[in-house]
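To start, the structure itself, in structure tokens.
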Amino acid sequence: MRRCCWCCVSLQKGVVAIGVFGMVCASVLTVGYGAVAVTLEEHVTACRQGHARDLLGLLPSCHDLSDTATLLAARIFVYIQVSVWVLFLGFSILLIVGAVKERGGLLVPWLVLSVVVMAAVVWSGVRAALQHRTLDLLASVLAVAVCTYCCLVVRSYSRLIKKEALIPVLVPSTFTHTRMLCENPYAHTGERRELPPAYTAYPRPPTPDKKGPPPTGLGFKI
């Protein structure tokens, strides 16, 4: 995947938009489940006093809450939901920061938590299908589809960041178009420069002839 939203925007902008959308959803769900947690405790207290107080209509009945195991399960579920959406809010902020600064490591927590949320939504959809709740089933299918597409966008952008990090950077050589130290600076001007005595070319000593005796170096032959 090279573009987001069917080639409308780039992957980076798409990831930033996903992060903002996740922040909004996580904030709403955190406040909602926090209100449910507070209302649950008030509802339990009201049930013990003989009258229910379920203002949102989302809490179990007083008959169900009379069972200790059901009450414990309801509390655990609500508190887990609050914790998950608080984490999702923080990971959405990390997602935006990672997209802006092009740091693939900051995208991983959001991806992992999104997979966990998708698994929970799938389980909720299965329960809704078994209980013949059509609206809940459609909502679960839509949520899974949207979350899957968002994960694909974030995953594609993470792979793009890794590919760009592996591209070698071509550094120009410092020796390009550099005059060597032993180059004659007068070669292009027509002037002639005499070489120092250390570089004067001397004739090679005569090589010995196979037919005659070798030279002694004293000026005469033996």
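How things are named: the first chain in the structure tokens is A, the next is B, and so on; residues count from 1 in each chain; ligands count from 1 in the order shown.
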Spatial neighbours of A:Ile96, 9 Å, only C-alpha atoms, chain gap at least 5 places, as a list in words:
Val15, Val16, Ala17, Ile18, Gly19, Val20, Phe91, Lys101, Leu106 and Leu107 of chain A
Kindly save the residues from that selection, with N, CA and C atoms included, as a compact mmCIF listing (two decimals), in the first residue's frame.
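So again.txt came out as:
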```txt
# COMPACT_ATOMS: atom_id res chain seq x y z
N VAL A 15 -1.83 8.21 8.49
CA VAL A 15 -1.52 7.74 9.84
C VAL A 15 -1.82 8.82 10.87
N VAL A 16 -1.52 10.07 10.54
CA VAL A 16 -1.85 11.17 11.46
C VAL A 16 -3.36 11.26 11.66
N ALA A 17 -4.12 11.14 10.57
CA ALA A 17 -5.59 11.17 10.68
C ALA A 17 -6.11 10.01 11.51
N ILE A 18 -5.51 8.83 11.34
CA ILE A 18 -5.90 7.67 12.15
C ILE A 18 -5.61 7.91 13.63
N GLY A 19 -4.47 8.54 13.91
CA GLY A 19 -4.15 8.86 15.30
C GLY A 19 -5.13 9.83 15.92
N VAL A 20 -5.52 10.85 15.16
CA VAL A 20 -6.49 11.82 15.68
C VAL A 20 -7.85 11.15 15.90
N PHE A 91 -1.44 5.64 23.24
CA PHE A 91 -0.79 5.07 22.05
C PHE A 91 -1.18 5.83 20.78
N LYS A 101 7.49 12.41 13.13
CA LYS A 101 8.95 12.31 13.21
C LYS A 101 9.52 11.13 12.43
N LEU A 106 7.60 3.93 17.32
CA LEU A 106 6.46 4.50 18.04
C LEU A 106 5.12 4.02 17.49
N LEU A 107 5.12 3.37 16.35
CA LEU A 107 3.88 2.86 15.77
C LEU A 107 3.50 1.48 16.28
```
Taking only C-alpha atoms into account, name the residue in A:Val44, A:Leu135, A:Ala143, A:Leu89 that is nearest to A:Val28.
A:Leu89
Can you list, as a PyMOL selection string, every protein, DNA or RNA residue that comes within 12 Å of A:Ala99 when you count only C-alpha atoms, leaving out same-chain residues fewer than 2 positions away?
chain A and resi 10-20+92-97+101-108+110+153-158+160-161
Any idea what's packed within 12 Å of A:His63, counting only C-alpha atoms, ignoring anything in its chain fewer than 3 positions away? Could you give it as a count of residues only?
14
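The two atoms in question, atom CA of A:Arg75 and atom CA of A:Gly90, are spaced 23.0 Å apart.
Taking atom CA of A:Val78 and atom CA of A:Val146 as endpoints, the distance between them is 23.6 Å.
Residues in contact with A:Ala26 at 8 Å, where only C-alpha atoms are counted and same-chain residues fewer than 6 positions away are skipped, are listed as Trp85, Val86, Phe88 and Leu89 of chain A.
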Polymer residues at most 12 Å from stretch 120-129 of chain A, only C-alpha atoms, same-chain spacing of 5 or more positions, as a ChimeraX atom specification
/A:77,80-81,84,113-115,134-148
Those same residues, written as an mmCIF file, in the first residue's frame with C-alpha atoms?
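Result file is selection-v5.cif:
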```
data_model
loop_
_atom_site.group_PDB
_atom_site.id
_atom_site.type_symbol
_atom_site.label_atom_id
_atom_site.label_comp_id
_atom_site.auth_asym_id
_atom_site.auth_seq_id
_atom_site.Cartn_x
_atom_site.Cartn_y
_atom_site.Cartn_z
ATOM 1 C CA PHE A 77 -15.099 -5.824 32.583
ATOM 2 C CA ILE A 80 -10.547 -3.333 31.949
ATOM 3 C CA GLN A 81 -12.420 -1.257 29.383
ATOM 4 C CA VAL A 84 -7.664 -0.294 27.623
ATOM 5 C CA LEU A 113 -3.253 -2.784 21.080
ATOM 6 C CA SER A 114 -5.386 -2.502 17.940
ATOM 7 C CA VAL A 115 -5.008 -6.244 17.333
ATOM 8 C CA THR A 134 -28.408 -8.039 14.488
ATOM 9 C CA LEU A 135 -27.469 -4.433 15.221
ATOM 10 C CA ASP A 136 -24.642 -5.416 17.546
ATOM 11 C CA LEU A 137 -23.379 -7.884 14.956
ATOM 12 C CA LEU A 138 -23.361 -5.251 12.199
ATOM 13 C CA ALA A 139 -21.612 -2.785 14.487
ATOM 14 C CA SER A 140 -18.942 -5.388 15.293
ATOM 15 C CA VAL A 141 -18.381 -6.194 11.603
ATOM 16 C CA LEU A 142 -18.065 -2.496 10.732
ATOM 17 C CA ALA A 143 -15.654 -1.867 13.612
ATOM 18 C CA VAL A 144 -13.466 -4.821 12.593
ATOM 19 C CA ALA A 145 -13.379 -3.651 8.948
ATOM 20 C CA VAL A 146 -12.391 -0.080 9.894
ATOM 21 C CA CYS A 147 -9.777 -1.214 12.405
ATOM 22 C CA THR A 148 -8.296 -3.695 9.920
#
```
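The space separating atom CA of A:Gly22 from atom CA of A:Ala119 comes to 16.9 Å.
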Please identify the alpha helix (DSSP H) residues within stretch 55-183 of chain A (assignment by DSSP from backbone atoms) and present them as a PyMOL selection string.
chain A and resi 62-65+68-101+108-130+134-166
